[in-house]
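upload34.json (JSON, C-alpha atoms) appears below.
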[["chain", "number", "residue", "atom", "x", "y", "z"],
["A", 47, "MET", "CA", -19.38, -4.88, 26.32],
["A", 48, "GLN", "CA", -15.75, -3.95, 27.07],
["A", 49, "ASN", "CA", -15.17, -7.41, 28.55],
["A", 50, "GLU", "CA", -16.68, -8.99, 25.46],
["A", 51, "THR", "CA", -14.36, -6.97, 23.17],
["A", 52, "ASN", "CA", -11.34, -7.87, 25.29],
["A", 53, "GLY", "CA", -12.39, -11.50, 25.12],
["A", 54, "ILE", "CA", -12.55, -11.40, 21.31],
["A", 55, "LEU", "CA", -9.14, -9.76, 21.11],
["A", 56, "THR", "CA", -7.61, -12.33, 23.45],
["A", 57, "HIS", "CA", -9.20, -15.19, 21.53],
["A", 58, "PHE", "CA", -7.94, -13.74, 18.26],
["A", 59, "GLN", "CA", -4.44, -13.47, 19.69],
["A", 60, "GLN", "CA", -4.66, -17.15, 20.66],
["A", 61, "GLY", "CA", -5.59, -18.06, 17.06],
["A", 62, "SER", "CA", -9.40, -18.37, 17.20],
["A", 63, "GLU", "CA", -10.91, -18.32, 13.69],
["A", 64, "THR", "CA", -14.29, -17.22, 15.07],
["A", 65, "ALA", "CA", -12.70, -14.22, 16.78],
["A", 66, "PHE", "CA", -10.90, -13.38, 13.53],
["A", 67, "GLU", "CA", -14.18, -13.48, 11.62],
["A", 68, "THR", "CA", -15.83, -11.23, 14.21],
["A", 69, "LEU", "CA", -12.97, -8.73, 13.99],
["A", 70, "PHE", "CA", -13.10, -8.87, 10.19],
["A", 71, "HIS", "CA", -16.79, -7.97, 10.17],
["A", 72, "GLN", "CA", -16.29, -5.26, 12.80],
["A", 73, "HIS", "CA", -13.32, -3.57, 11.13],
["A", 74, "GLN", "CA", -13.46, -4.30, 7.39],
["A", 75, "ARG", "CA", -15.20, -1.01, 6.64],
["A", 76, "GLN", "CA", -12.67, 1.11, 8.52],
["A", 77, "VAL", "CA", -9.74, -0.75, 6.98],
["A", 78, "TYR", "CA", -11.29, -0.45, 3.51],
["A", 79, "GLY", "CA", -11.92, 3.28, 4.00],
["A", 80, "TRP", "CA", -8.36, 3.85, 5.17],
["A", 81, "LEU", "CA", -6.93, 1.93, 2.21],
["A", 82, "LEU", "CA", -9.21, 3.76, -0.22],
["A", 83, "ARG", "CA", -7.84, 7.05, 1.07],
["A", 84, "ILE", "CA", -4.32, 5.87, 0.26],
["A", 85, "VAL", "CA", -4.75, 4.01, -3.05],
["A", 86, "ARG", "CA", -7.84, 5.91, -4.33],
["A", 87, "ASP", "CA", -9.05, 2.90, -6.31],
["A", 88, "PRO", "CA", -12.08, 0.99, -4.94],
["A", 89, "ALA", "CA", -11.14, -2.35, -6.53],
["A", 90, "ALA", "CA", -7.56, -2.11, -5.28],
["A", 91, "ALA", "CA", -8.80, -1.07, -1.84],
["A", 92, "GLU", "CA", -10.97, -4.21, -1.71],
["A", 93, "ASP", "CA", -8.06, -6.46, -2.70],
["A", 94, "LEU", "CA", -5.83, -4.73, -0.18],
["A", 95, "THR", "CA", -8.43, -5.14, 2.55],
["A", 96, "ILE", "CA", -8.25, -8.91, 1.98],
["A", 97, "GLU", "CA", -4.44, -8.77, 1.86],
["A", 98, "SER", "CA", -4.32, -6.72, 5.07],
["A", 99, "PHE", "CA", -6.62, -9.08, 6.95],
["A", 100, "TRP", "CA", -4.57, -11.99, 5.64],
["A", 101, "ARG", "CA", -1.45, -10.39, 7.13],
["A", 102, "ILE", "CA", -3.41, -9.70, 10.33],
["A", 103, "HIS", "CA", -4.45, -13.36, 10.46],
["A", 104, "GLN", "CA", -0.84, -14.44, 10.00],
["A", 105, "ALA", "CA", 0.44, -12.07, 12.69],
["A", 106, "HIS", "CA", -2.19, -12.91, 15.35],
["A", 107, "ALA", "CA", 0.40, -14.26, 17.80],
["A", 108, "ARG", "CA", 2.26, -10.93, 17.77],
["A", 109, "PHE", "CA", -0.91, -8.94, 18.51],
["A", 110, "ASP", "CA", -1.09, -7.27, 21.92],
["A", 111, "PRO", "CA", -4.76, -7.05, 23.03],
["A", 112, "ALA", "CA", -3.87, -4.20, 25.41],
["A", 113, "GLN", "CA", -2.88, -1.98, 22.46],
["A", 114, "GLY", "CA", -6.26, -2.29, 20.69],
["A", 115, "PHE", "CA", -7.06, -3.70, 17.27],
["A", 116, "GLU", "CA", -7.86, -0.68, 15.11],
["A", 117, "GLY", "CA", -4.48, 1.03, 15.21],
["A", 118, "TRP", "CA", -2.63, -2.23, 14.71],
["A", 119, "ALA", "CA", -4.83, -3.18, 11.76],
["A", 120, "ARG", "CA", -4.39, 0.26, 10.27],
["A", 121, "ARG", "CA", -0.60, -0.01, 10.52],
["A", 122, "ILE", "CA", -0.65, -3.39, 8.75],
["A", 123, "ALA", "CA", -3.03, -2.04, 6.09],
["A", 124, "THR", "CA", -0.79, 0.99, 5.51],
["A", 125, "ARG", "CA", 2.19, -1.31, 4.98],
["A", 126, "ALA", "CA", 0.18, -3.40, 2.50],
["A", 127, "ALA", "CA", -0.81, -0.21, 0.65],
["A", 128, "LEU", "CA", 2.82, 0.93, 0.57],
["A", 129, "ASP", "CA", 3.86, -2.39, -1.00],
["A", 130, "TRP", "CA", 1.07, -1.98, -3.56],
["A", 131, "LEU", "CA", 2.13, 1.57, -4.44],
["A", 132, "ARG", "CA", 5.76, 0.47, -4.80],
["A", 133, "ALA", "CA", 4.77, -2.29, -7.22],
["A", 134, "ARG", "CA", 2.65, 0.01, -9.36],
["A", 135, "ARG", "CA", 3.75, 2.26, -12.20],
["A", 136, "PRO", "CA", 2.83, 5.92, -11.55],
["A", 137, "GLU", "CA", 1.46, 6.42, -15.09],
["A", 138, "SER", "CA", -1.12, 3.67, -14.57],
["A", 139, "GLU", "CA", -2.77, 5.73, -11.85],
["A", 140, "LEU", "CA", -3.90, 8.33, -14.34],
["A", 141, "GLY", "CA", -7.52, 7.81, -15.29],
["A", 142, "ASN", "CA", -8.66, 7.80, -18.92],
["A", 143, "GLU", "CA", -10.29, 11.17, -18.42],
["A", 144, "CYS", "CA", -7.01, 12.65, -17.32],
["A", 145, "ALA", "CA", -5.05, 11.07, -20.15],
["A", 146, "GLU", "CA", -7.51, 12.55, -22.68],
["A", 147, "GLU", "CA", -7.25, 15.90, -20.97],
["A", 148, "LEU", "CA", -3.48, 15.89, -21.31],
["A", 149, "ALA", "CA", -3.67, 14.86, -24.98],
["A", 150, "ALA", "CA", -6.15, 17.62, -25.87],
["A", 151, "PRO", "CA", -4.91, 21.13, -26.67],
["A", 152, "ALA", "CA", -5.47, 23.56, -23.81],
["A", 153, "ALA", "CA", -7.51, 26.29, -25.47],
["A", 154, "ALA", "CA", -10.20, 27.49, -23.10],
["A", 155, "ASP", "CA", -9.69, 28.38, -19.47],
["A", 156, "PRO", "CA", -11.54, 25.41, -17.88],
["A", 157, "ALA", "CA", -9.52, 23.05, -20.04],
["A", 158, "MET", "CA", -6.34, 24.71, -18.87],
["A", 159, "ILE", "CA", -7.41, 24.30, -15.28],
["A", 160, "ALA", "CA", -8.24, 20.66, -15.93],
["A", 161, "GLU", "CA", -4.87, 20.18, -17.59],
["A", 162, "LEU", "CA", -3.13, 21.77, -14.61],
["A", 163, "ARG", "CA", -4.99, 19.44, -12.27],
["A", 164, "CYS", "CA", -4.05, 16.43, -14.37],
["A", 165, "LYS", "CA", -0.41, 17.44, -14.53],
["A", 166, "THR", "CA", -0.38, 18.00, -10.77],
["A", 167, "ALA", "CA", -2.02, 14.63, -10.15],
["A", 168, "LEU", "CA", 0.46, 12.94, -12.47],
["A", 169, "ALA", "CA", 3.44, 14.67, -10.86],
["A", 170, "PHE", "CA", 2.12, 13.68, -7.45],
["A", 171, "SER", "CA", 1.71, 10.06, -8.51],
["A", 172, "SER", "CA", 5.37, 9.96, -9.53],
["A", 173, "LEU", "CA", 6.60, 10.85, -6.02],
["A", 174, "PRO", "CA", 8.21, 8.13, -3.89],
["A", 175, "PRO", "CA", 5.42, 6.07, -2.26],
["A", 176, "LYS", "CA", 6.61, 6.83, 1.31],
["A", 177, "LEU", "CA", 6.28, 10.56, 0.73],
["A", 178, "ARG", "CA", 3.08, 10.18, -1.25],
["A", 179, "ILE", "CA", 1.31, 8.25, 1.51],
["A", 180, "ALA", "CA", 2.22, 10.86, 4.11],
["A", 181, "ALA", "CA", 1.07, 13.73, 1.87],
["A", 182, "THR", "CA", -2.10, 11.93, 0.78],
["A", 183, "LEU", "CA", -3.20, 11.27, 4.32],
["A", 184, "ALA", "CA", -2.07, 14.53, 5.90],
["A", 185, "VAL", "CA", -2.76, 17.07, 3.11],
["A", 186, "ILE", "CA", -5.43, 15.60, 0.83],
["A", 187, "GLU", "CA", -7.40, 13.59, 3.38],
["A", 188, "GLU", "CA", -6.58, 16.00, 6.23],
["A", 189, "GLN", "CA", -6.14, 13.19, 8.74],
["A", 190, "PRO", "CA", -4.71, 14.12, 12.14],
["A", 191, "GLN", "CA", -0.92, 13.93, 12.04],
["A", 192, "LYS", "CA", -0.82, 11.64, 15.06],
["A", 193, "ASP", "CA", -3.03, 9.12, 13.21],
["A", 194, "VAL", "CA", -0.80, 9.33, 10.14],
["A", 195, "ALA", "CA", 2.29, 8.89, 12.30],
["A", 196, "ALA", "CA", 0.78, 5.88, 14.07],
["A", 197, "ALA", "CA", -0.26, 4.26, 10.77],
["A", 198, "LEU", "CA", 3.18, 4.77, 9.24],
["A", 199, "GLY", "CA", 4.99, 3.77, 12.45],
["A", 200, "ILE", "CA", 6.94, 7.04, 12.57],
["A", 201, "SER", "CA", 6.96, 10.18, 14.73],
["A", 202, "ILE", "CA", 4.80, 13.25, 14.08],
["A", 203, "ALA", "CA", 7.99, 15.19, 13.27],
["A", 204, "ALA", "CA", 8.85, 12.58, 10.63],
["A", 205, "VAL", "CA", 5.37, 12.96, 9.12],
["A", 206, "LYS", "CA", 5.91, 16.72, 8.85],
["A", 207, "VAL", "CA", 9.29, 16.15, 7.18],
["A", 208, "ARG", "CA", 7.80, 13.69, 4.68],
["A", 209, "VAL", "CA", 4.93, 16.02, 3.83],
["A", 210, "PHE", "CA", 7.34, 18.91, 3.36],
["A", 211, "ARG", "CA", 9.62, 16.83, 1.13],
["A", 212, "ALA", "CA", 6.63, 15.61, -0.90],
["A", 213, "LEU", "CA", 5.41, 19.18, -1.48],
["A", 214, "ARG", "CA", 8.89, 20.39, -2.34],
["A", 215, "LEU", "CA", 9.39, 17.56, -4.86],
["A", 216, "LEU", "CA", 5.95, 18.18, -6.33],
["A", 217, "ARG", "CA", 6.69, 21.87, -6.73],
["A", 218, "LYS", "CA", 10.05, 21.13, -8.35],
["A", 219, "GLU", "CA", 8.46, 18.70, -10.79],
["A", 220, "LEU", "CA", 5.73, 21.21, -11.70],
["A", 221, "GLU", "CA", 8.31, 23.95, -12.16],
["A", 222, "ARG", "CA", 10.29, 21.62, -14.43],
["A", 223, "GLN", "CA", 7.14, 21.39, -16.57],
["A", 224, "GLY", "CA", 6.85, 25.17, -16.64],
["A", 225, "ILE", "CA", 4.05, 25.38, -14.06],
["A", 226, "THR", "CA", 4.44, 27.72, -11.12],
["A", 227, "PRO", "CA", 1.99, 26.81, -8.37],
["B", 88, "MET", "CA", 10.43, 26.57, -0.45],
["B", 89, "ASN", "CA", 8.95, 29.11, 1.97],
["B", 90, "ALA", "CA", 5.69, 28.79, 3.94],
["B", 91, "HIS", "CA", 3.76, 30.71, 1.26],
["B", 92, "ASP", "CA", 4.97, 28.38, -1.52],
["B", 93, "GLU", "CA", 4.16, 25.39, 0.67],
["B", 94, "GLU", "CA", 0.61, 26.62, 1.20],
["B", 95, "ARG", "CA", 0.06, 27.26, -2.52],
["B", 96, "THR", "CA", 1.40, 23.83, -3.45],
["B", 97, "LYS", "CA", -0.88, 22.27, -0.82],
["B", 98, "LYS", "CA", -3.90, 24.09, -2.27],
["B", 99, "LEU", "CA", -3.04, 23.01, -5.81],
["B", 100, "LEU", "CA", -2.63, 19.42, -4.67],
["B", 101, "GLN", "CA", -5.96, 19.48, -2.83],
["B", 102, "GLN", "CA", -7.67, 20.78, -5.98],
["B", 103, "ALA", "CA", -5.96, 18.25, -8.23],
["B", 104, "VAL", "CA", -6.55, 15.24, -5.99],
["B", 105, "PRO", "CA", -9.82, 15.68, -4.07],
["B", 106, "PRO", "CA", -10.41, 13.62, -0.91],
["B", 107, "VAL", "CA", -12.34, 10.38, -1.19],
["B", 108, "ASP", "CA", -15.76, 9.85, 0.33],
["B", 109, "ALA", "CA", -15.11, 9.21, 4.01],
["B", 110, "ASP", "CA", -18.15, 6.91, 4.31],
["B", 111, "ALA", "CA", -17.21, 4.75, 1.34],
["B", 112, "GLU", "CA", -17.95, 1.07, 1.74],
["B", 113, "PRO", "CA", -16.80, -1.96, -0.24],
["B", 114, "ALA", "CA", -19.06, -2.66, -3.22],
["B", 115, "HIS", "CA", -19.76, -6.15, -1.92],
["B", 116, "GLU", "CA", -19.29, -8.36, 1.12],
["B", 117, "LEU", "CA", -15.57, -9.18, 1.46],
["B", 118, "TRP", "CA", -15.81, -12.13, 3.85],
["B", 119, "PRO", "CA", -16.32, -14.78, 1.10],
["B", 120, "ALA", "CA", -13.14, -13.57, -0.64],
["B", 121, "MET", "CA", -11.32, -13.60, 2.69],
["B", 122, "LEU", "CA", -12.50, -17.14, 3.33],
["B", 123, "ARG", "CA", -11.27, -18.26, -0.12],
["B", 124, "ARG", "CA", -7.86, -16.73, 0.60],
["B", 125, "LEU", "CA", -7.67, -18.50, 3.96],
["B", 126, "ASN", "CA", -8.66, -21.82, 2.36],
["B", 127, "VAL", "CA", -6.13, -21.49, -0.47],
["B", 128, "GLU", "CA", -3.33, -20.74, 1.97],
["B", 129, "SER", "CA", -4.26, -23.55, 4.36],
["B", 130, "ALA", "CA", -4.49, -26.02, 1.42],
["B", 131, "ALA", "CA", -1.03, -24.94, 0.30],
["B", 132, "ARG", "CA", 0.26, -25.54, 3.81],
["B", 133, "GLN", "CA", -1.27, -29.04, 3.91],
["B", 134, "SER", "CA", 0.87, -30.20, 0.97],
["B", 135, "PRO", "CA", 4.34, -29.17, 2.14],
["B", 136, "SER", "CA", 6.20, -31.62, -0.11],
["B", 137, "TRP", "CA", 4.71, -30.08, -3.28],
["B", 138, "ALA", "CA", 5.17, -26.58, -1.93],
["B", 139, "TRP", "CA", 8.83, -27.41, -1.26],
["B", 140, "PHE", "CA", 9.17, -28.80, -4.78],
["B", 141, "ASN", "CA", 7.54, -25.74, -6.34],
["B", 142, "ALA", "CA", 9.80, -23.37, -4.46],
["B", 143, "ASN", "CA", 13.02, -25.30, -4.93],
["B", 144, "TRP", "CA", 12.95, -27.18, -8.24],
["B", 145, "PHE", "CA", 15.09, -24.58, -9.96],
["B", 146, "ASP", "CA", 17.70, -24.74, -7.20],
["B", 147, "GLY", "CA", 17.72, -28.54, -7.50],
["B", 148, "VAL", "CA", 18.22, -28.46, -11.28],
["B", 149, "LEU", "CA", 21.00, -25.90, -10.90],
["B", 150, "ALA", "CA", 22.77, -28.00, -8.25],
["B", 151, "LEU", "CA", 22.44, -31.12, -10.39],
["B", 152, "GLY", "CA", 23.83, -29.27, -13.42],
["B", 153, "LEU", "CA", 26.79, -28.00, -11.42],
["B", 154, "ALA", "CA", 27.49, -31.45, -9.98],
["B", 155, "SER", "CA", 27.41, -32.96, -13.48],
["B", 156, "LEU", "CA", 29.74, -30.26, -14.77],
["B", 157, "VAL", "CA", 32.22, -30.87, -11.97],
["B", 158, "MET", "CA", 32.14, -34.65, -12.53],
["B", 159, "LEU", "CA", 32.52, -34.43, -16.30],
["B", 160, "PHE", "CA", 35.04, -31.59, -16.32],
["B", 161, "PRO", "CA", 37.01, -31.54, -13.06],
["B", 162, "SER", "CA", 39.27, -28.86, -14.50],
["B", 163, "SER", "CA", 36.33, -26.44, -14.26],
["B", 164, "ILE", "CA", 36.44, -26.52, -10.42],
["B", 165, "PRO", "CA", 38.90, -23.57, -10.06],
["B", 166, "LEU", "CA", 36.80, -21.55, -12.51],
["B", 167, "LEU", "CA", 33.61, -22.29, -10.52],
["B", 168, "LEU", "CA", 35.34, -21.42, -7.24],
["B", 169, "TYR", "CA", 36.52, -18.17, -8.76],
["B", 170, "TYR", "CA", 32.97, -17.19, -9.69],
["B", 171, "LEU", "CA", 31.53, -18.27, -6.35]]
Would you mind writing the structure in this file as structure tokens?
Amino acid sequence: MQNETNGILTHFQQGSETAFETLFHQHQRQVYGWLLRIVRDPAAAEDLTIESFWRIHQAHARFDPAQGFEGWARRIATRAALDWLRARRPESELGNECAEELAAPAAADPAMIAELRCKTALAFSSLPPKLRIAATLAVIEEQPQKDVAAALGISIAAVKVRVFRALRLLRKELERQGITP
Amino acid sequence: MNAHDEERTKKLLQQAVPPVDADAEPAHELWPAMLRRLNVESAARQSPSWAWFNANWFDGVLALGLASLVMLFPSSIPLLLYYL
């Protein structure tokens, strides 16, 4: 089994289309799941899965079979997601529900809570993508910091710094809106 | 921001943006879309002359325009050099 996997990875590195197809089928779900955690939009996650595997296909010669496929694919997918987040306006990430919530007057308690959530989500979506990815994966998705660091290609200490900066910026933005977390 | 503030902000963020379903799967099979993307890219690579034209036609028109300008009005050369 291990030999078979190594064989596929070596064939992929040498440019085999069949090996690429096998790896696509084996890993598309994990890559999709990882991307969904970052972009939080199923349609975008599907598009980005295709984009990530396209980049993987293009970079096959640089792949090192000894390092394993999953981590490498995840790093490429994270970079694709970062590009996507950079190209996207933060306001467009607010769902219709949230937009209605913000437009409605906050009378009852549950509505106020919903409004607070919406404002927090909006403030979070306006953070720089690099910080947002780190905070999304480490705080919201509670992924191990070493996995986040590997996916972002940075150290664990750098992940902690990014998460801290994201939370500090989020808090500042909420305070600017008169909300004290 | 102290550790207490950090923890409260974390909690608020977790409530505002809940985690996605860890077992989520694509709504449909992605391989056909992947195959289309591979075919489109390989077709584009098989017609390099058109790809070159598509990427560079604006540069070509600009160069032609500049060459015409220089030939018709040689006195504009210092001005062009200044702006280059």
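Here is the contact set of chain A against chain B, at 8 Å and counting only C-alpha atoms: Phe70, His71, Gln74, Arg75, Tyr78, Gly79, Leu82, Arg83, Arg86, Pro88, Glu92, Ile96, Phe99, Trp100, Leu162, Arg163, Cys164, Thr166, Ala167, Phe170, Val185, Ile186, Glu187, Phe210, Leu213, Arg214, Leu216, Arg217 and Pro227 of chain A.
The space separating CA of Ala180 (chain A) from CA of His91 (chain B) comes to 20.1 Å.
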Here is a test: counting only C-alpha atoms, which residue of A:Ala197, A:Leu168, A:Val85, A:Asp93 is nearest to Trp118 (chain A)? A:Ala197
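Distances from A:Arg120, A:Lys206, A:His106, A:Arg134 to Ala184 (chain A) were compared using all atoms listed in the file, and the smallest one belongs to A:Lys206.
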Interatomic distance (Å, one decimal) between CA of Ala160 (chain A) and CA of Glu188 (chain A): 22.7 Å
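Between CA of Val77 (chain A) and CA of Ala127 (chain A) the separation is 11.0 Å.
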Please determine the residues with any atom at most 7 Å from (-4.7, -19.8, 14.3) (coordinates as given in the file, with only C-alpha atoms counting) and report them as a ChimeraX atom specification. /A:60-63
Counting all atoms listed in the file, what is within 12 Å of Leu198 (chain A), bar same-chain residues fewer than 6 positions away, as a list of chain:residue names? A:Ile84, A:Gly117, A:Trp118, A:Ala119, A:Arg120, A:Arg121, A:Ile122, A:Ala123, A:Thr124, A:Arg125, A:Ala126, A:Ala127, A:Leu128, A:Pro175, A:Lys176, A:Leu177, A:Arg178, A:Ile179, A:Ala180, A:Ala181, A:Leu183, A:Ala184, A:Gln191, A:Lys192, A:Ala204, A:Val205, A:Arg208
